[in-house]
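Reproduced below: query_38.cif, with mmCIF, C-alpha atoms.
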data_query
#
loop_
_atom_site.label_atom_id
_atom_site.label_comp_id
_atom_site.auth_asym_id
_atom_site.auth_seq_id
_atom_site.Cartn_x
_atom_site.Cartn_y
_atom_site.Cartn_z
CA MET E 288 33.46 -96.78 -22.95
CA LYS E 289 33.97 -93.53 -21.19
CA PHE E 290 34.46 -91.82 -24.52
CA ILE E 291 31.21 -93.28 -25.86
CA LYS E 292 29.32 -92.23 -22.76
CA HIS E 293 30.82 -88.80 -23.12
CA LEU E 294 29.61 -88.60 -26.70
CA LEU E 295 26.14 -89.83 -25.76
CA GLY E 296 25.89 -87.28 -22.91
CA LYS E 297 26.54 -84.21 -25.08
CA PRO E 298 23.16 -84.14 -26.89
CA LYS E 299 21.33 -84.30 -23.57
CA GLN E 300 23.38 -81.40 -22.24
CA ALA E 301 22.78 -79.40 -25.43
CA GLU E 302 19.02 -79.94 -25.16
CA ALA E 303 19.07 -78.83 -21.51
CA ASP E 304 20.99 -75.71 -22.44
CA LYS E 305 18.53 -75.00 -25.25
CA ASP E 306 15.55 -75.36 -22.93
CA TYR E 307 17.20 -73.02 -20.44
CA PHE E 308 17.65 -70.27 -23.01
CA VAL E 309 14.09 -70.74 -24.27
CA GLN E 310 12.76 -70.37 -20.74
CA ALA E 311 15.00 -67.37 -20.13
CA ARG E 312 13.71 -65.71 -23.30
CA SER E 313 10.15 -66.43 -22.20
CA TRP E 314 10.82 -64.89 -18.79
CA ALA E 315 12.34 -61.82 -20.41
CA ASP E 316 9.32 -61.47 -22.69
CA ASP E 317 6.97 -61.74 -19.69
CA ILE E 318 8.91 -59.16 -17.71
CA TYR E 319 9.06 -56.79 -20.67
CA THR E 320 5.35 -57.22 -21.36
CA GLU E 321 4.56 -56.54 -17.69
CA VAL E 322 6.71 -53.41 -17.71
CA ILE E 323 5.03 -52.13 -20.89
CA ALA E 324 1.57 -52.88 -19.50
CA SER E 325 2.38 -51.10 -16.22
CA ARG E 326 3.72 -48.10 -18.09
CA ASN E 327 0.56 -47.94 -20.23
CA ARG E 328 -1.61 -48.15 -17.12
CA TYR E 329 0.22 -45.24 -15.49
CA ARG E 330 0.11 -43.30 -18.75
CA PHE E 331 -3.64 -43.85 -19.04
CA ALA E 332 -4.13 -42.78 -15.41
CA LEU E 333 -2.07 -39.62 -16.04
CA PHE E 334 -3.98 -38.67 -19.19
CA TRP E 335 -7.31 -39.36 -17.45
CA SER E 336 -6.32 -37.18 -14.47
CA VAL E 337 -5.12 -34.33 -16.73
CA GLY E 338 -8.35 -34.51 -18.73
CA LEU E 339 -10.47 -34.45 -15.57
CA ILE E 340 -8.55 -31.48 -14.13
CA THR E 341 -8.89 -29.63 -17.45
CA CYS E 342 -12.66 -30.19 -17.47
CA LEU E 343 -12.93 -28.98 -13.86
CA LEU E 344 -10.94 -25.83 -14.69
CA ILE E 345 -13.17 -25.11 -17.68
CA LEU E 346 -16.30 -25.56 -15.56
CA LEU E 347 -14.84 -23.32 -12.85
CA MET E 348 -14.07 -20.59 -15.40
CA MET E 349 -17.66 -20.85 -16.68
CA LEU E 350 -19.08 -20.52 -13.15
CA ILE E 351 -16.93 -17.54 -12.05
CA PRO E 352 -18.92 -14.95 -14.09
CA LEU E 353 -22.14 -16.27 -12.53
CA GLU E 354 -20.93 -15.51 -9.00
CA HIS E 355 -22.54 -12.42 -7.46
CA THR E 356 -23.44 -10.99 -4.09
CA GLU E 357 -27.11 -10.84 -3.21
CA LEU E 358 -27.96 -8.23 -0.60
CA ILE E 359 -30.97 -8.89 1.59
CA VAL E 360 -32.72 -7.19 4.48
CA VAL E 361 -33.82 -9.30 7.44
CA HIS E 362 -36.86 -7.79 9.16
CA HIS E 363 -37.70 -8.71 12.75
CA SER E 364 -40.94 -7.37 14.21
CA GLU E 365 -41.77 -6.86 17.87
CA ALA E 366 -44.19 -9.78 17.66
CA GLY E 367 -41.32 -12.09 16.75
CA THR E 368 -42.12 -12.40 13.05
CA VAL E 369 -39.04 -12.63 10.82
CA TRP E 370 -39.01 -12.19 7.04
CA VAL E 371 -36.32 -11.66 4.44
CA GLU E 372 -36.63 -9.10 1.65
CA PRO E 373 -34.30 -8.92 -1.38
CA LEU E 374 -32.96 -5.53 -2.31
CA HIS E 375 -33.23 -5.82 -6.10
CA GLN E 376 -36.48 -3.88 -6.45
CA SER E 377 -37.81 -2.13 -9.52
CA TYR E 378 -37.67 1.66 -9.88
CA ALA E 379 -37.34 2.40 -6.16
CA PRO E 380 -37.51 0.65 -2.79
CA LYS E 381 -41.09 0.04 -1.71
CA ASN E 382 -40.39 1.16 1.83
CA LYS E 383 -41.10 4.89 2.16
CA ALA E 384 -38.93 5.24 5.26
CA GLN E 385 -36.02 3.73 3.33
CA ILE E 386 -36.37 6.33 0.56
CA GLU E 387 -36.59 9.14 3.09
CA SER E 388 -33.47 7.82 4.81
CA GLU E 389 -31.47 7.97 1.58
CA ILE E 390 -32.69 11.50 0.79
CA VAL E 391 -31.88 12.73 4.29
CA ARG E 392 -28.50 11.02 4.11
CA TYR E 393 -27.65 12.84 0.88
CA VAL E 394 -28.80 16.27 2.12
CA ASN E 395 -27.04 15.83 5.45
CA ASN E 396 -23.72 14.91 3.83
CA ARG E 397 -24.01 17.68 1.24
CA GLU E 398 -25.08 20.57 3.48
CA SER E 399 -23.29 19.77 6.75
CA TYR E 400 -19.61 20.49 7.31
CA SER E 401 -16.85 19.24 9.55
CA ALA E 402 -13.15 19.35 8.81
CA ILE E 403 -12.79 15.82 10.20
CA SER E 404 -15.41 14.17 7.98
CA TYR E 405 -15.18 16.50 4.98
CA ASP E 406 -13.27 14.08 2.73
CA GLU E 407 -15.74 11.25 3.32
CA GLN E 408 -18.75 13.52 2.81
CA TYR E 409 -17.26 14.98 -0.37
CA SER E 410 -16.61 11.51 -1.77
CA LEU E 411 -20.07 10.18 -0.86
CA VAL E 412 -21.94 13.15 -2.37
CA ASN E 413 -20.07 12.72 -5.65
CA LEU E 414 -20.75 8.99 -5.56
CA MET E 415 -24.50 9.54 -5.14
CA SER E 416 -24.74 12.30 -7.80
CA ASP E 417 -24.91 12.10 -11.55
CA ARG E 418 -22.38 13.95 -13.69
CA SER E 419 -24.14 17.33 -13.81
CA VAL E 420 -25.04 17.42 -10.12
CA SER E 421 -21.56 16.26 -9.16
CA LYS E 422 -20.00 19.01 -11.30
CA GLN E 423 -22.25 21.59 -9.61
CA TYR E 424 -21.20 20.33 -6.17
CA ILE E 425 -17.48 20.33 -7.03
CA VAL E 426 -17.68 23.96 -8.17
CA SER E 427 -19.49 25.00 -4.97
CA GLN E 428 -16.86 23.29 -2.82
CA SER E 429 -13.77 24.35 -4.77
CA ILE E 430 -11.00 26.32 -3.11
CA GLY E 431 -11.46 29.05 -5.71
CA ASN E 432 -14.98 29.68 -4.43
CA LYS E 433 -14.79 32.18 -1.55
CA ASN E 434 -18.20 31.09 -0.27
CA SER E 435 -17.31 27.39 0.00
CA ASP E 436 -17.43 25.85 3.47
CA ILE E 437 -13.76 24.95 3.41
CA ASN E 438 -12.84 28.62 2.84
CA ARG E 439 -15.37 30.15 5.24
CA LEU E 440 -15.07 27.68 8.12
CA GLY E 441 -11.84 25.75 7.62
CA ASN E 442 -10.84 24.04 10.88
CA ARG E 443 -12.60 26.51 13.15
CA GLY E 444 -16.27 25.94 12.33
CA THR E 445 -18.98 23.33 11.74
CA ARG E 446 -22.35 23.11 10.00
CA VAL E 447 -25.04 20.81 11.41
CA VAL E 448 -28.15 19.87 9.42
CA HIS E 449 -31.52 19.12 10.98
CA VAL E 450 -34.13 17.83 8.50
CA GLU E 451 -37.65 18.78 9.51
CA ASN E 452 -39.63 16.88 6.90
CA VAL E 453 -39.54 15.26 3.47
CA ILE E 454 -42.46 15.93 1.13
CA PHE E 455 -42.82 13.65 -1.89
CA LEU E 456 -44.05 15.68 -4.86
CA ASP E 457 -43.91 12.84 -7.39
CA LYS E 458 -42.81 9.21 -7.53
CA ARG E 459 -42.10 6.92 -10.44
CA SER E 460 -43.83 4.05 -8.67
CA LEU E 461 -47.18 5.91 -8.85
CA ASN E 462 -47.73 4.64 -12.37
CA LYS E 463 -45.25 2.20 -13.89
CA SER E 464 -46.85 2.32 -17.33
CA LYS E 465 -46.54 6.12 -17.41
CA TYR E 466 -42.98 5.81 -16.10
CA LYS E 467 -42.04 4.06 -19.32
CA ARG E 468 -43.28 7.12 -21.22
CA GLY E 469 -41.42 9.49 -18.88
CA MET E 470 -44.51 10.90 -17.18
CA HIS E 471 -43.35 10.45 -13.59
CA HIS E 472 -40.10 11.28 -11.78
CA ASN E 473 -38.81 10.84 -8.27
CA LEU E 474 -39.16 14.35 -6.87
CA ALA E 475 -39.19 15.53 -3.26
CA GLN E 476 -38.98 18.70 -1.20
CA ILE E 477 -36.82 18.71 1.92
CA ASN E 478 -37.26 21.35 4.60
CA PHE E 479 -34.27 21.61 6.88
CA VAL E 480 -32.32 23.94 9.13
CA VAL E 481 -28.55 24.51 9.09
CA ARG E 482 -26.79 25.64 12.26
CA THR E 483 -23.34 27.12 11.69
CA HIS E 484 -21.00 27.40 14.64
CA ASP E 485 -17.73 29.34 14.69
CA ARG E 486 -15.45 28.17 17.49
CA LEU E 487 -13.24 31.27 17.32
CA THR E 488 -16.03 33.77 17.88
CA GLY E 489 -18.40 31.41 19.65
CA LYS E 490 -21.25 32.56 17.42
CA THR E 491 -23.95 30.20 16.14
CA SER E 492 -26.25 31.12 13.27
CA LYS E 493 -29.43 29.40 12.15
CA GLN E 494 -30.54 29.24 8.51
CA PRO E 495 -33.81 27.60 7.33
CA LEU E 496 -33.51 26.17 3.82
CA VAL E 497 -35.54 24.14 1.35
CA ALA E 498 -34.09 21.72 -1.18
CA LEU E 499 -35.70 20.27 -4.28
CA ILE E 500 -34.24 16.91 -5.17
CA SER E 501 -34.81 14.38 -7.93
CA TRP E 502 -33.21 10.95 -8.02
CA THR E 503 -33.16 7.56 -9.71
CA TYR E 504 -31.87 4.04 -9.02
CA HIS E 505 -29.27 2.16 -11.04
CA GLY E 506 -29.33 -1.08 -9.08
CA THR E 507 -26.67 -2.67 -6.89
CA PRO E 508 -23.16 -1.59 -8.02
CA LYS E 509 -20.66 -4.29 -8.99
CA ASN E 510 -17.79 -2.63 -7.17
CA PRO E 511 -17.68 -4.05 -3.59
CA GLU E 512 -16.61 -0.75 -2.00
CA THR E 513 -19.29 1.23 -3.84
CA LYS E 514 -21.84 -1.42 -2.95
CA TRP E 515 -21.30 -0.91 0.77
CA ARG E 516 -21.62 2.87 0.49
CA ASN E 517 -24.54 3.00 -1.96
CA TRP E 518 -26.08 -0.47 -2.12
CA ASP E 519 -29.00 0.28 -4.48
CA GLY E 520 -27.26 2.78 -6.76
CA CYS E 521 -29.33 5.77 -5.61
CA THR E 522 -28.27 8.68 -7.84
CA VAL E 523 -29.38 12.29 -7.51
CA THR E 524 -30.19 13.78 -10.90
CA HIS E 525 -31.27 17.27 -9.79
CA TYR E 526 -30.53 19.32 -6.69
CA SER E 527 -31.40 22.92 -5.93
CA ILE E 528 -31.55 24.85 -2.68
CA GLU E 529 -33.21 28.10 -1.62
CA GLN E 530 -33.71 30.23 1.46
CA ARG E 531 -36.90 29.36 3.34
CA ASN E 532 -39.11 31.87 5.11
CA VAL E 533 -40.38 30.73 8.51
#

The structure in this file should be written as structure tokens.
Amino acid sequence: MKFIKHLLGKPKQAEADKDYFVQARSWADDIYTEVIASRNRYRFALFWSVGLITCLLILLMMLIPLEHTELIVVHHSEAGTVWVEPLHQSYAPKNKAQIESEIVRYVNNRESYSAISYDEQYSLVNLMSDRSVSKQYIVSQSIGNKNSDINRLGNRGTRVVHVENVIFLDKRSLNKSKYKRGMHHNLAQINFVVRTHDRLTGKTSKQPLVALISWTYHGTPKNPETKWRNWDGCTVTHYSIEQRNV
């Protein structure tokens, strides 16, 4: 009887073992499927992030050339009125005092002399001059020129400029239509006095002079350093100086 029961019990055990392996295979398939699905989700998230970062970089590269600095002037009157004026103006600044300031600045840096500020003045005059005027200035200030300030005064003397007045002889803004045909130019006469002092001898001389200057505007320079020193691209195209009788 025991043998018969043993024989009858084997099929039941075999079926239980079969069910166990079927369930185990099903569990393995579920775990594998879950792992594959998780990996695909992370892969999709990675590709989506890389694509988004790439698009942002492309947009950033497209926006970089559009970046620029806009210079403005904030005016504040005594009455308390405040207004902002952009500096990108056609032909020349509309403010007459502003134009006079630039002309006086150029003449002062070109005609005055101090051993301490000579390098800065020399650099600024060349920056605000076109090629021909700059070449003329370099020759007049060269060491080979015996009459140059650096040879005559060196470290012992100074030249101080006092501008008496600025007379506008012509302006491009007088007639913009004629400007296009080259009928008008920025032209001004500057009357000034130069006082030369020699510290060794203690002598001071006074020399009245008149300068004829013509200039143009090239707009705000792109170079940041140049922009601070010459914000509107004021460039002298002609400069001559003569003795003035008083």

| field | d(CA of Val447 (chain E), CA of Glu398 (chain E)) in Å | value | 7.9 Å

| said: Which residues are near Val420 (chain E)? Cut-off 9 Å, all atoms listed in the file, ignore same chain within fewer than 3 positions. Put them as a list in words. | reply: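 With the cut-off at 9 Å, the set is Asn413, Ser416, Asp417, Gln423, Tyr424, Ile425, Val523, Thr524, His525 and Tyr526 of chain E.
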
| From E:Ile437, E:Glu529, E:Asn510, E:Ile386, residue lying nearest Tyr409 (chain E) [only C-alpha atoms] | E:Ile437

| Hits from the PyMOL selection byres ((chain E and resi 483-494) around 6), listed as a list in words |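 Matching residues under the PyMOL selection byres ((chain E and resi 483-494) around 6) are Arg443, Gly444, Thr445, Arg446, Val480, Val481, Arg482 and Pro495 of chain E.
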
| CA of Pro508 (chain E) and CA of Asn382 (chain E), how far apart in Å? |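 It comes out at 20.0 Å.
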
| field | Distance in Å - CA of His505 (chain E) versus CA of Gly520 (chain E) | value | 4.8 Å

| message | Please list as a VMD selection string every residue within 12 Å of Pro352 (chain E), counting only C-alpha atoms and excluding residues in the same chain fewer than 5 positions away. | response | chain E and resid 346 to 347 509

| Nearest-residue call for Thr522 (chain E), choices E:Asp436, E:Asp406, E:Glu389, E:Glu321, using all atoms listed in the file |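 So, comparing all the options, the nearest one is E:Glu389.
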
| Selection result for the PyMOL selection byres ((chain E and resi 451-453) around 8) on this file, as a PyMOL selection string | chain E and resi 387+449-450+454-455+475-480

| said: When the PyMOL selection byres ((chain E and resi 518) around 9) is applied to the structure above, which residues does it catch, written out as a PyMOL selection string? | reply: chain E and resi 358+374+506-508+513-517+519-521

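By chain and then residue number, the residues within 12 Å of Leu456 (chain E) are E:His471, E:His472, E:Asn473, E:Leu474, E:Ala475, E:Gln476, E:Ile477, E:Leu499, E:Ile500, E:Ser501, counting all atoms listed in the file and disregarding those fewer than 6 positions away in sequence.
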
Kindly output region 415-433 of chain E as a PDB file, in the frame of the given file, after building N, CA and C atoms.
ATOM      1  N   MET E 415     -23.037   9.624  -5.042  1.00  0.00           N
ATOM      2  CA  MET E 415     -24.500   9.540  -5.140  1.00  0.00           C
ATOM      3  C   MET E 415     -25.081  10.595  -6.071  1.00  0.00           C
ATOM      4  N   SER E 416     -24.259  11.262  -6.866  1.00  0.00           N
ATOM      5  CA  SER E 416     -24.740  12.300  -7.800  1.00  0.00           C
ATOM      6  C   SER E 416     -24.409  11.894  -9.227  1.00  0.00           C
ATOM      7  N   ASP E 417     -25.263  12.318 -10.155  1.00  0.00           N
ATOM      8  CA  ASP E 417     -24.910  12.100 -11.550  1.00  0.00           C
ATOM      9  C   ASP E 417     -23.886  13.145 -11.985  1.00  0.00           C
ATOM     10  N   ARG E 418     -23.498  13.118 -13.234  1.00  0.00           N
ATOM     11  CA  ARG E 418     -22.380  13.950 -13.690  1.00  0.00           C
ATOM     12  C   ARG E 418     -22.655  15.443 -13.517  1.00  0.00           C
ATOM     13  N   SER E 419     -23.834  15.896 -13.890  1.00  0.00           N
ATOM     14  CA  SER E 419     -24.140  17.330 -13.810  1.00  0.00           C
ATOM     15  C   SER E 419     -24.246  17.801 -12.365  1.00  0.00           C
ATOM     16  N   VAL E 420     -24.909  17.035 -11.524  1.00  0.00           N
ATOM     17  CA  VAL E 420     -25.040  17.420 -10.120  1.00  0.00           C
ATOM     18  C   VAL E 420     -23.691  17.365  -9.423  1.00  0.00           C
ATOM     19  N   SER E 421     -22.897  16.368  -9.750  1.00  0.00           N
ATOM     20  CA  SER E 421     -21.560  16.260  -9.160  1.00  0.00           C
ATOM     21  C   SER E 421     -20.687  17.451  -9.565  1.00  0.00           C
ATOM     22  N   LYS E 422     -20.777  17.856 -10.825  1.00  0.00           N
ATOM     23  CA  LYS E 422     -20.000  19.010 -11.300  1.00  0.00           C
ATOM     24  C   LYS E 422     -20.428  20.279 -10.552  1.00  0.00           C
ATOM     25  N   GLN E 423     -21.736  20.438 -10.346  1.00  0.00           N
ATOM     26  CA  GLN E 423     -22.250  21.590  -9.610  1.00  0.00           C
ATOM     27  C   GLN E 423     -21.716  21.594  -8.178  1.00  0.00           C
ATOM     28  N   TYR E 424     -21.680  20.433  -7.561  1.00  0.00           N
ATOM     29  CA  TYR E 424     -21.200  20.330  -6.170  1.00  0.00           C
ATOM     30  C   TYR E 424     -19.701  20.622  -6.093  1.00  0.00           C
ATOM     31  N   ILE E 425     -18.929  20.113  -7.040  1.00  0.00           N
ATOM     32  CA  ILE E 425     -17.480  20.330  -7.030  1.00  0.00           C
ATOM     33  C   ILE E 425     -17.159  21.827  -7.147  1.00  0.00           C
ATOM     34  N   VAL E 426     -17.899  22.516  -8.012  1.00  0.00           N
ATOM     35  CA  VAL E 426     -17.680  23.960  -8.170  1.00  0.00           C
ATOM     36  C   VAL E 426     -18.007  24.700  -6.875  1.00  0.00           C
ATOM     37  N   SER E 427     -19.099  24.314  -6.210  1.00  0.00           N
ATOM     38  CA  SER E 427     -19.490  25.000  -4.970  1.00  0.00           C
ATOM     39  C   SER E 427     -18.513  24.742  -3.834  1.00  0.00           C
ATOM     40  N   GLN E 428     -17.784  23.629  -3.894  1.00  0.00           N
ATOM     41  CA  GLN E 428     -16.860  23.290  -2.820  1.00  0.00           C
ATOM     42  C   GLN E 428     -15.389  23.551  -3.178  1.00  0.00           C
ATOM     43  N   SER E 429     -15.152  24.142  -4.337  1.00  0.00           N
ATOM     44  CA  SER E 429     -13.770  24.350  -4.770  1.00  0.00           C
ATOM     45  C   SER E 429     -13.078  25.423  -3.924  1.00  0.00           C
ATOM     46  N   ILE E 430     -11.779  25.340  -3.870  1.00  0.00           N
ATOM     47  CA  ILE E 430     -11.000  26.320  -3.110  1.00  0.00           C
ATOM     48  C   ILE E 430     -11.109  27.710  -3.729  1.00  0.00           C
ATOM     49  N   GLY E 431     -11.333  27.763  -5.030  1.00  0.00           N
ATOM     50  CA  GLY E 431     -11.460  29.050  -5.710  1.00  0.00           C
ATOM     51  C   GLY E 431     -12.763  29.767  -5.399  1.00  0.00           C
ATOM     52  N   ASN E 432     -13.714  29.061  -4.786  1.00  0.00           N
ATOM     53  CA  ASN E 432     -14.980  29.680  -4.430  1.00  0.00           C
ATOM     54  C   ASN E 432     -14.876  30.236  -3.003  1.00  0.00           C
ATOM     55  N   LYS E 433     -14.948  31.541  -2.865  1.00  0.00           N
ATOM     56  CA  LYS E 433     -14.790  32.180  -1.550  1.00  0.00           C
ATOM     57  C   LYS E 433     -15.899  31.808  -0.580  1.00  0.00           C
TER      58      LYS E 433
END
